[in-house]
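Source file start.txt; content: compact mmCIF, C-alpha atoms.
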```
# COMPACT_ATOMS: atom_id res chain seq x y z
CA MET Y 1 37.06 -71.52 -93.24
CA ASN Y 2 35.15 -74.28 -91.43
CA ASP Y 3 37.92 -74.55 -88.84
CA VAL Y 4 37.74 -70.80 -88.15
CA ALA Y 5 33.97 -70.90 -87.79
CA GLY Y 6 34.27 -73.83 -85.41
CA GLU Y 7 36.80 -72.01 -83.25
CA GLU Y 8 34.55 -68.94 -83.10
CA ALA Y 9 31.67 -71.11 -81.90
CA VAL Y 10 33.80 -72.59 -79.12
CA VAL Y 11 34.63 -69.18 -77.58
CA PRO Y 12 31.05 -68.26 -76.53
CA ALA Y 13 30.51 -71.84 -75.34
CA LYS Y 14 33.55 -71.57 -73.05
CA ALA Y 15 32.42 -68.17 -71.82
CA GLY Y 16 28.98 -69.61 -71.07
CA LEU Y 17 30.49 -72.48 -69.07
CA LYS Y 18 32.63 -70.05 -67.08
CA ILE Y 19 29.60 -67.90 -66.24
CA GLU Y 20 27.65 -70.99 -65.22
CA ARG Y 21 30.48 -72.13 -62.94
CA GLU Y 22 30.71 -68.68 -61.33
CA GLU Y 23 26.96 -68.62 -60.72
CA HIS Y 24 27.12 -72.09 -59.17
CA LYS Y 25 29.96 -71.02 -56.89
CA LEU Y 26 27.97 -67.94 -55.86
CA GLU Y 27 24.91 -70.05 -55.05
CA LYS Y 28 27.00 -72.46 -52.97
CA ARG Y 29 28.60 -69.54 -51.12
CA LEU Y 30 25.24 -67.95 -50.32
CA CYS Y 31 23.77 -71.24 -49.10
CA ARG Y 32 26.89 -71.91 -47.02
CA GLU Y 33 26.91 -68.49 -45.35
CA VAL Y 34 23.16 -68.48 -44.63
CA GLY Y 35 23.36 -72.04 -43.33
CA ARG Y 36 26.34 -71.13 -41.13
CA ALA Y 37 24.48 -68.19 -39.58
CA ILE Y 38 21.41 -70.36 -38.93
CA VAL Y 39 23.55 -72.97 -37.14
CA ASP Y 40 25.79 -70.50 -35.26
CA PHE Y 41 22.83 -68.65 -33.74
CA ASN Y 42 20.28 -71.50 -33.70
CA MET Y 43 17.93 -69.41 -35.83
CA ILE Y 44 15.62 -72.14 -37.14
CA GLU Y 45 14.53 -75.22 -35.18
CA GLU Y 46 12.44 -78.31 -35.77
CA GLY Y 47 8.80 -77.44 -36.42
CA ASP Y 48 9.36 -73.69 -36.82
CA LYS Y 49 7.04 -71.63 -38.97
CA VAL Y 50 9.25 -68.88 -40.39
CA MET Y 51 7.60 -65.69 -41.60
CA VAL Y 52 9.89 -64.37 -44.36
CA CYS Y 53 9.41 -60.63 -44.76
CA VAL Y 54 9.58 -59.79 -48.48
CA SER Y 55 9.69 -56.12 -49.45
CA GLY Y 56 10.37 -56.41 -53.16
CA GLY Y 57 14.04 -55.51 -52.80
CA LYS Y 58 17.01 -57.67 -53.78
CA ASP Y 59 17.86 -58.63 -50.19
CA SER Y 60 14.51 -60.09 -49.19
CA TYR Y 61 14.10 -61.83 -52.56
CA ALA Y 62 17.50 -63.47 -52.07
CA MET Y 63 16.69 -64.46 -48.48
CA LEU Y 64 13.50 -66.21 -49.55
CA ASP Y 65 15.28 -67.84 -52.48
CA ILE Y 66 18.11 -69.24 -50.32
CA LEU Y 67 15.81 -70.34 -47.48
CA LEU Y 68 13.70 -72.30 -49.98
CA LYS Y 69 16.85 -74.06 -51.20
CA LEU Y 70 17.99 -74.84 -47.65
CA GLN Y 71 14.51 -76.05 -46.67
CA LYS Y 72 14.84 -78.90 -49.17
CA ARG Y 73 18.25 -79.96 -47.81
CA ALA Y 74 17.89 -79.31 -44.08
CA PRO Y 75 17.90 -82.21 -41.59
CA ILE Y 76 14.96 -80.59 -39.80
CA ASN Y 77 11.41 -79.76 -40.90
CA PHE Y 78 10.24 -76.15 -40.93
CA GLU Y 79 7.64 -74.09 -42.79
CA LEU Y 80 8.13 -70.87 -44.73
CA ILE Y 81 5.48 -68.25 -45.40
CA ALA Y 82 6.32 -65.09 -47.32
CA VAL Y 83 4.73 -61.86 -46.06
CA ASN Y 84 4.66 -58.50 -47.77
CA LEU Y 85 3.42 -55.26 -46.25
CA ASP Y 86 1.80 -53.04 -48.88
CA GLN Y 87 2.16 -49.56 -47.34
CA LYS Y 88 0.09 -47.89 -50.09
CA GLN Y 89 2.96 -45.88 -51.48
CA PRO Y 90 1.92 -43.93 -54.60
CA GLY Y 91 2.66 -45.93 -57.73
CA PHE Y 92 3.48 -49.13 -55.83
CA PRO Y 93 2.98 -52.03 -58.31
CA ASP Y 94 0.95 -54.27 -56.00
CA HIS Y 95 0.58 -57.02 -58.62
CA ILE Y 96 4.29 -57.89 -58.91
CA LEU Y 97 4.87 -59.70 -55.62
CA PRO Y 98 1.68 -61.81 -55.63
CA GLN Y 99 2.42 -62.93 -59.20
CA TYR Y 100 6.04 -63.78 -58.34
CA LEU Y 101 5.14 -65.68 -55.15
CA GLU Y 102 2.37 -67.60 -56.92
CA GLN Y 103 4.80 -68.67 -59.64
CA LEU Y 104 7.27 -69.69 -56.93
CA GLY Y 105 4.64 -71.85 -55.28
CA VAL Y 106 5.40 -70.58 -51.78
CA PRO Y 107 2.62 -69.80 -49.26
CA PHE Y 108 2.28 -66.04 -48.85
CA HIS Y 109 0.24 -63.28 -47.27
CA ILE Y 110 -0.09 -59.66 -48.42
CA GLU Y 111 -0.91 -57.24 -45.60
CA THR Y 112 -2.30 -53.88 -46.74
CA GLN Y 113 -1.90 -50.94 -44.35
CA ASP Y 114 -1.70 -47.28 -45.37
CA THR Y 115 1.34 -46.30 -43.31
CA TYR Y 116 2.47 -43.97 -46.12
CA SER Y 117 -0.26 -41.43 -45.33
CA ILE Y 118 0.57 -41.54 -41.62
CA VAL Y 119 4.28 -40.94 -42.23
CA LYS Y 120 3.64 -38.09 -44.69
CA ARG Y 121 1.19 -36.46 -42.27
CA VAL Y 122 3.43 -36.69 -39.19
CA ILE Y 123 6.94 -36.11 -40.63
CA PRO Y 124 7.68 -32.59 -41.95
CA GLU Y 125 8.74 -32.33 -45.59
CA GLY Y 126 12.46 -32.96 -46.03
CA LYS Y 127 12.88 -34.78 -42.70
CA THR Y 128 13.92 -38.43 -42.43
CA MET Y 129 10.94 -40.78 -42.60
CA CYS Y 130 12.73 -44.06 -41.85
CA SER Y 131 12.39 -44.11 -38.07
CA LEU Y 132 8.60 -43.73 -37.91
CA CYS Y 133 8.08 -45.90 -40.97
CA SER Y 134 10.19 -48.64 -39.38
CA ARG Y 135 8.27 -48.53 -36.09
CA LEU Y 136 4.90 -48.72 -37.82
CA ARG Y 137 6.07 -51.54 -40.07
CA ARG Y 138 7.52 -53.50 -37.15
CA GLY Y 139 4.30 -53.30 -35.13
CA ILE Y 140 2.22 -54.51 -38.08
CA LEU Y 141 4.59 -57.39 -38.86
CA TYR Y 142 4.54 -58.53 -35.22
CA ARG Y 143 0.74 -58.59 -35.30
CA VAL Y 144 0.68 -60.50 -38.58
CA ALA Y 145 3.21 -63.04 -37.25
CA GLU Y 146 0.95 -63.71 -34.29
CA GLU Y 147 -2.12 -64.09 -36.52
CA LEU Y 148 -0.26 -66.51 -38.82
CA GLY Y 149 1.17 -68.53 -35.95
CA ALA Y 150 4.75 -67.83 -37.01
CA THR Y 151 7.44 -68.80 -34.51
CA LYS Y 152 10.24 -66.83 -36.19
CA ILE Y 153 10.32 -63.60 -38.20
CA ALA Y 154 13.09 -63.49 -40.83
CA LEU Y 155 14.42 -60.12 -41.99
CA GLY Y 156 16.69 -59.61 -45.00
CA HIS Y 157 19.47 -57.56 -43.42
CA HIS Y 158 22.96 -58.57 -44.57
CA ARG Y 159 26.51 -58.13 -43.29
CA ASP Y 160 26.90 -54.60 -44.67
CA ASP Y 161 23.61 -53.50 -43.06
CA MET Y 162 24.95 -54.71 -39.72
CA LEU Y 163 28.21 -52.81 -40.15
CA GLN Y 164 26.33 -49.68 -41.22
CA THR Y 165 24.18 -49.85 -38.09
CA PHE Y 166 27.28 -50.23 -35.92
CA PHE Y 167 28.90 -47.11 -37.39
CA LEU Y 168 25.65 -45.12 -37.35
CA ASN Y 169 25.32 -45.78 -33.62
CA MET Y 170 28.96 -44.86 -33.05
CA PHE Y 171 28.95 -41.68 -35.16
CA PHE Y 172 25.50 -40.30 -34.35
CA ALA Y 173 24.28 -41.95 -31.12
CA SER Y 174 27.55 -42.23 -29.14
CA ARG Y 175 27.17 -45.92 -28.38
CA LEU Y 176 28.68 -49.24 -29.44
CA LYS Y 177 25.60 -51.03 -30.65
CA GLY Y 178 24.96 -53.05 -33.75
CA MET Y 179 22.24 -55.13 -35.36
CA PRO Y 180 22.03 -58.58 -33.74
CA PRO Y 181 21.57 -61.72 -35.84
CA LYS Y 182 18.81 -62.89 -33.50
CA LEU Y 183 16.69 -61.08 -30.93
CA VAL Y 184 13.50 -61.27 -28.91
CA SER Y 185 10.99 -58.47 -29.54
CA ASP Y 186 10.23 -55.85 -26.89
CA THR Y 187 6.99 -57.65 -26.02
CA GLY Y 188 8.83 -60.94 -25.57
CA LYS Y 189 6.45 -62.68 -27.96
CA HIS Y 190 8.52 -62.87 -31.15
CA VAL Y 191 11.96 -64.10 -32.18
CA VAL Y 192 13.46 -62.09 -35.03
CA ILE Y 193 16.25 -63.64 -37.11
CA ARG Y 194 18.59 -62.32 -39.79
CA PRO Y 195 19.72 -65.38 -41.77
CA MET Y 196 21.92 -63.30 -44.10
CA ALA Y 197 24.05 -61.87 -41.29
CA TYR Y 198 27.23 -63.28 -42.85
CA VAL Y 199 26.42 -62.39 -46.48
CA PRO Y 200 28.15 -59.37 -48.11
CA GLU Y 201 25.90 -57.09 -50.13
CA LYS Y 202 28.01 -57.44 -53.28
CA ASP Y 203 27.09 -61.15 -53.44
CA LEU Y 204 23.40 -60.27 -53.19
CA ILE Y 205 23.71 -57.75 -56.02
CA LYS Y 206 25.23 -60.46 -58.23
CA TRP Y 207 22.60 -63.02 -57.20
CA ALA Y 208 19.76 -60.62 -57.97
CA GLN Y 209 21.18 -60.27 -61.49
CA VAL Y 210 21.53 -64.03 -61.87
CA ARG Y 211 17.98 -64.72 -60.68
CA ASP Y 212 16.47 -61.65 -62.38
CA PHE Y 213 14.27 -60.78 -59.40
CA PRO Y 214 11.38 -58.37 -60.17
CA ILE Y 215 12.80 -55.55 -58.02
CA ILE Y 216 10.37 -52.96 -56.65
CA PRO Y 217 12.12 -49.68 -55.72
CA CYS Y 218 11.18 -47.95 -52.46
CA THR Y 219 9.86 -44.53 -53.45
CA LEU Y 220 9.16 -43.45 -49.88
CA CYS Y 221 12.57 -43.64 -48.19
CA GLY Y 222 14.82 -44.74 -51.06
CA SER Y 223 14.59 -41.29 -52.62
CA GLN Y 224 16.15 -39.64 -49.55
CA GLN Y 225 19.70 -39.75 -50.86
CA ASN Y 226 21.26 -37.68 -48.07
CA LEU Y 227 20.32 -40.08 -45.30
CA GLN Y 228 23.11 -40.84 -42.83
CA ARG Y 229 22.78 -44.56 -43.63
CA VAL Y 230 23.43 -43.84 -47.31
CA GLN Y 231 26.55 -41.85 -46.42
CA VAL Y 232 27.89 -44.59 -44.14
CA GLY Y 233 27.12 -47.20 -46.81
CA ASN Y 234 29.13 -45.21 -49.35
CA MET Y 235 32.01 -44.99 -46.87
CA LEU Y 236 32.04 -48.78 -46.39
CA ARG Y 237 31.93 -49.45 -50.13
CA GLU Y 238 34.84 -47.08 -50.67
CA TRP Y 239 36.85 -48.87 -47.98
CA ASP Y 240 36.03 -52.23 -49.54
CA LYS Y 241 37.43 -51.04 -52.89
CA LYS Y 242 40.59 -49.47 -51.48
CA PHE Y 243 41.32 -51.96 -48.71
CA PRO Y 244 40.11 -55.49 -49.58
CA GLY Y 245 39.43 -57.52 -46.46
CA ARG Y 246 38.78 -54.53 -44.19
CA LEU Y 247 35.02 -55.11 -43.99
CA GLU Y 248 35.60 -58.79 -43.17
CA ASN Y 249 37.91 -57.78 -40.29
CA MET Y 250 35.46 -55.18 -38.97
CA PHE Y 251 32.59 -57.65 -39.06
CA THR Y 252 34.65 -60.33 -37.30
CA SER Y 253 35.53 -57.80 -34.59
CA LEU Y 254 31.83 -57.62 -33.65
CA GLN Y 255 32.17 -61.25 -32.52
CA ASN Y 256 35.43 -60.70 -30.59
CA ILE Y 257 34.57 -58.26 -27.81
CA VAL Y 258 36.97 -57.58 -24.93
CA PRO Y 259 34.90 -55.60 -22.35
CA SER Y 260 37.89 -55.12 -20.02
CA HIS Y 261 39.62 -53.10 -22.74
CA LEU Y 262 36.74 -50.75 -23.42
CA MET Y 263 35.25 -48.21 -20.98
CA ASP Y 264 31.75 -49.42 -20.06
CA GLY Y 265 31.49 -49.87 -16.29
CA LYS Y 266 28.26 -51.82 -16.71
CA LEU Y 267 30.12 -54.55 -18.60
CA HIS Y 268 33.32 -54.55 -16.58
CA ASP Y 269 33.85 -53.68 -12.92
CA PHE Y 270 36.57 -51.06 -13.25
CA LYS Y 271 35.79 -49.52 -9.84
CA GLY Y 272 36.15 -52.86 -8.10
CA LEU Y 273 39.47 -53.81 -9.70
CA ARG Y 274 42.17 -54.73 -7.17
CA SER Y 275 45.55 -56.37 -7.49
CA THR Y 276 45.34 -60.13 -7.02
CA GLY Y 277 48.95 -61.19 -7.29
CA MET Y 278 47.85 -63.70 -9.92
CA PRO Y 279 48.58 -63.52 -13.66
CA ASP Y 280 45.67 -62.25 -15.74
CA PRO Y 281 45.39 -63.61 -19.32
CA GLU Y 282 43.80 -60.33 -20.41
CA GLY Y 283 46.31 -58.30 -18.44
CA ASP Y 284 47.41 -54.76 -19.16
CA LYS Y 285 48.59 -54.73 -22.74
CA ALA Y 286 47.95 -51.05 -23.25
CA PHE Y 287 51.68 -50.30 -23.60
CA ASP Y 288 52.57 -53.39 -25.62
CA MET Y 289 53.27 -53.12 -29.30
CA GLU Y 290 50.18 -54.52 -30.97
CA GLU Y 291 50.65 -56.75 -33.98
CA PHE Y 292 48.36 -55.86 -36.84
CA PHE Y 293 48.27 -57.83 -40.04
CA GLU Y 294 47.08 -57.09 -43.52
CA PRO Y 295 43.51 -58.34 -43.97
CA VAL Y 296 43.28 -61.76 -45.56
CA ARG Y 297 41.13 -61.61 -48.68
CA PRO Y 298 38.46 -64.31 -48.83
CA GLY Y 299 39.77 -67.41 -50.51
CA LEU Y 300 43.43 -66.46 -50.03
CA GLY Y 301 45.82 -67.84 -47.47
CA VAL Y 302 48.81 -66.35 -45.70
CA VAL Y 303 52.21 -67.88 -46.37
CA THR Y 304 54.93 -67.34 -43.76
CA LEU Y 305 58.45 -67.27 -45.20
```
Is it possible to give me this structure as structure tokens?
Amino acid sequence: MNDVAGEEAVVPAKAGLKIEREEHKLEKRLCREVGRAIVDFNMIEEGDKVMVCVSGGKDSYAMLDILLKLQKRAPINFELIAVNLDQKQPGFPDHILPQYLEQLGVPFHIETQDTYSIVKRVIPEGKTMCSLCSRLRRGILYRVAEELGATKIALGHHRDDMLQTFFLNMFFASRLKGMPPKLVSDTGKHVVIRPMAYVPEKDLIKWAQVRDFPIIPCTLCGSQQNLQRVQVGNMLREWDKKFPGRLENMFTSLQNIVPSHLMDGKLHDFKGLRSTGMPDPEGDKAFDMEEFFEPVRPGLGVVTL
């Protein structure tokens, strides 16, 4: 009987160790991908003061969490200050974020601006509120960054957000345009960075469960379930289930642009093209048989027989 009881005790212990290992691997992967994006796009430099925009959602919580971890290990010195914009949405629990950030011990600033009333007054009932809300929020955050002396503004958009934006522009705005990992604001005063550009949303969902973040739902725009972004997001998740590796390939394609094989005359001088008599490495491959391969799932290699 004692032997049986001992064996039963070992099973949960082994399960616990496996969970712990998986969580450690997830943390390492998140830190690696965020660190890689920061290096690839030179997002954070020596002496930067990074304003980390925290909304109360899983993505911004994770971004702050990972940046705090990287701050301790980085070979450069930089400051972090968490900023939340309280838009006075009805029922918004305005005590949650201050309590969480105080416990975390990170410097923070809560900016209170009633943009909710403006959006509700201007946008007709049933219409999409995101565009106006986003513009108002962006203007306020730029002002706050200037007041705080922040040199960079970090937003919590991840890889799937960037793919969604690409398809939204293609489907509904007739343009090939995505969400850049780093940009300068319209005024030229602010540098906006997206440190989680390489991170898939499914990893952030898992990390939010591991860390038990006090998630605050968005009752203003999150309740608009028929938004085009929601539909495109559902499409991408369905593809990810049916065709593993497809999202990775699509995201990589955003970094492998061949302007001469698209149709934008502003990026490539089609009108001025003349024969040169010299071989062109890009060439005309329009009639060649393209070689397409099955997507390689992360962590798996391809073996040629």
Go through Y:Ala62, Y:Gly265, Y:Ile81, Y:Cys53 one by one, measure the shortest atom-to-atom distance of each to Y:Gly149 using only C-alpha atoms, and give the residue with the smallest value.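 Once distances to Y:Gly149 are computed over only C-alpha atoms, the minimum belongs to Y:Ile81.
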Spatial neighbours of stretch 16-33 of chain Y, 8 Å, all atoms listed in the file, chain gap at least 5 places, as a PyMOL selection string: chain Y and resi 66+69-70+196+198-199+203+207+210
Keeping C-alpha atoms, export the residues of the selection given above as a PDB file, keeping the file's coordinate frame.
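So again31.pdb came out as:
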```pdb
ATOM      1  CA  ILE Y  66      18.110 -69.240 -50.320  1.00  0.00           C
ATOM      2  CA  LYS Y  69      16.850 -74.060 -51.200  1.00  0.00           C
ATOM      3  CA  LEU Y  70      17.990 -74.840 -47.650  1.00  0.00           C
ATOM      4  CA  MET Y 196      21.920 -63.300 -44.100  1.00  0.00           C
ATOM      5  CA  TYR Y 198      27.230 -63.280 -42.850  1.00  0.00           C
ATOM      6  CA  VAL Y 199      26.420 -62.390 -46.480  1.00  0.00           C
ATOM      7  CA  ASP Y 203      27.090 -61.150 -53.440  1.00  0.00           C
ATOM      8  CA  TRP Y 207      22.600 -63.020 -57.200  1.00  0.00           C
ATOM      9  CA  VAL Y 210      21.530 -64.030 -61.870  1.00  0.00           C
TER      10      VAL Y 210
END
```
I want to know what sits within 12 Å of Y:Tyr116, based on only C-alpha atoms, with residues of the same chain fewer than 2 positions away left out; could you give that as JSON, numbers by chain? {"Y": [85, 86, 87, 88, 89, 90, 91, 92, 112, 113, 114, 118, 119, 120, 121, 122, 123, 129, 130, 132, 133, 134, 136, 137, 218, 219, 220, 221]}
Deliver the residues from the most recent selection as a file, using C-alpha atoms, as a short mmCIF file (atom, residue, chain, number, x, y, z; two decimals), in the coordinates of the input.
```cif
data_model
loop_
_atom_site.label_atom_id
_atom_site.label_comp_id
_atom_site.auth_asym_id
_atom_site.auth_seq_id
_atom_site.Cartn_x
_atom_site.Cartn_y
_atom_site.Cartn_z
CA LEU Y 85 3.42 -55.26 -46.25
CA ASP Y 86 1.80 -53.04 -48.88
CA GLN Y 87 2.16 -49.56 -47.34
CA LYS Y 88 0.09 -47.89 -50.09
CA GLN Y 89 2.96 -45.88 -51.48
CA PRO Y 90 1.92 -43.93 -54.60
CA GLY Y 91 2.66 -45.93 -57.73
CA PHE Y 92 3.48 -49.13 -55.83
CA THR Y 112 -2.30 -53.88 -46.74
CA GLN Y 113 -1.90 -50.94 -44.35
CA ASP Y 114 -1.70 -47.28 -45.37
CA ILE Y 118 0.57 -41.54 -41.62
CA VAL Y 119 4.28 -40.94 -42.23
CA LYS Y 120 3.64 -38.09 -44.69
CA ARG Y 121 1.19 -36.46 -42.27
CA VAL Y 122 3.43 -36.69 -39.19
CA ILE Y 123 6.94 -36.11 -40.63
CA MET Y 129 10.94 -40.78 -42.60
CA CYS Y 130 12.73 -44.06 -41.85
CA LEU Y 132 8.60 -43.73 -37.91
CA CYS Y 133 8.08 -45.90 -40.97
CA SER Y 134 10.19 -48.64 -39.38
CA LEU Y 136 4.90 -48.72 -37.82
CA ARG Y 137 6.07 -51.54 -40.07
CA CYS Y 218 11.18 -47.95 -52.46
CA THR Y 219 9.86 -44.53 -53.45
CA LEU Y 220 9.16 -43.45 -49.88
CA CYS Y 221 12.57 -43.64 -48.19
#
```
Using all atoms listed in the file, which residue out of Y:Pro195, Y:Pro259, Y:Pro200, Y:Pro244 lies closest to Y:Val34?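 Going through Y:Pro195, Y:Pro259, Y:Pro200, Y:Pro244 one by one, the smallest distance to Y:Val34 is for Y:Pro195.
Excluding Y:Leu267 itself and any same-chain residue fewer than 5 positions from it, the protein and nucleic acid residues within 12 Å of it, counting all atoms listed in the file, are Ile257, Val258, Pro259, Ser260, His261 and Leu262 of chain Y.
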With all atoms listed in the file as the basis for distance, which of Y:Gly178, Y:Pro281, Y:Gly139, Y:Gly156 is at the shortest distance from Y:Ser60?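 Closest candidate: Y:Gly156.
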Which residues are close to Y:Pro181, i.e. within 9 Å by all atoms listed in the file, leaving aside same-chain residues fewer than 6 positions away? Reply as a count of residues only. 11
Within 12 Å of (28.0, -46.5, -46.3), only C-alpha atoms: residues as an MDAnalysis selection string? chainID Y and resid 160:168 201 225:240 247
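We find atom CA of Y:Gln99 and atom CA of Y:Asn77 to be spaced 26.4 Å apart.
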Given all atoms listed in the file as the counted atoms, nearest of Y:Lys242, Y:Arg211, Y:Arg138, Y:Arg159 to Y:Asp186: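 The answer is Y:Arg138, which sits nearest to Y:Asp186.
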Give the answer as one residue: which of Y:Arg135, Y:Gly245, Y:Val54, Y:Lys152 has the shortest atom-to-atom distance to Y:Ile110, using all atoms listed in the file?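 Once distances to Y:Ile110 are computed over all atoms listed in the file, the minimum belongs to Y:Val54.
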Rank nothing, just name the residue among Y:Phe108, Y:Phe251, Y:Tyr61, Y:Phe171 nearest to Y:Leu80, using only C-alpha atoms.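 Under the stated criterion, the closest residue is Y:Phe108.
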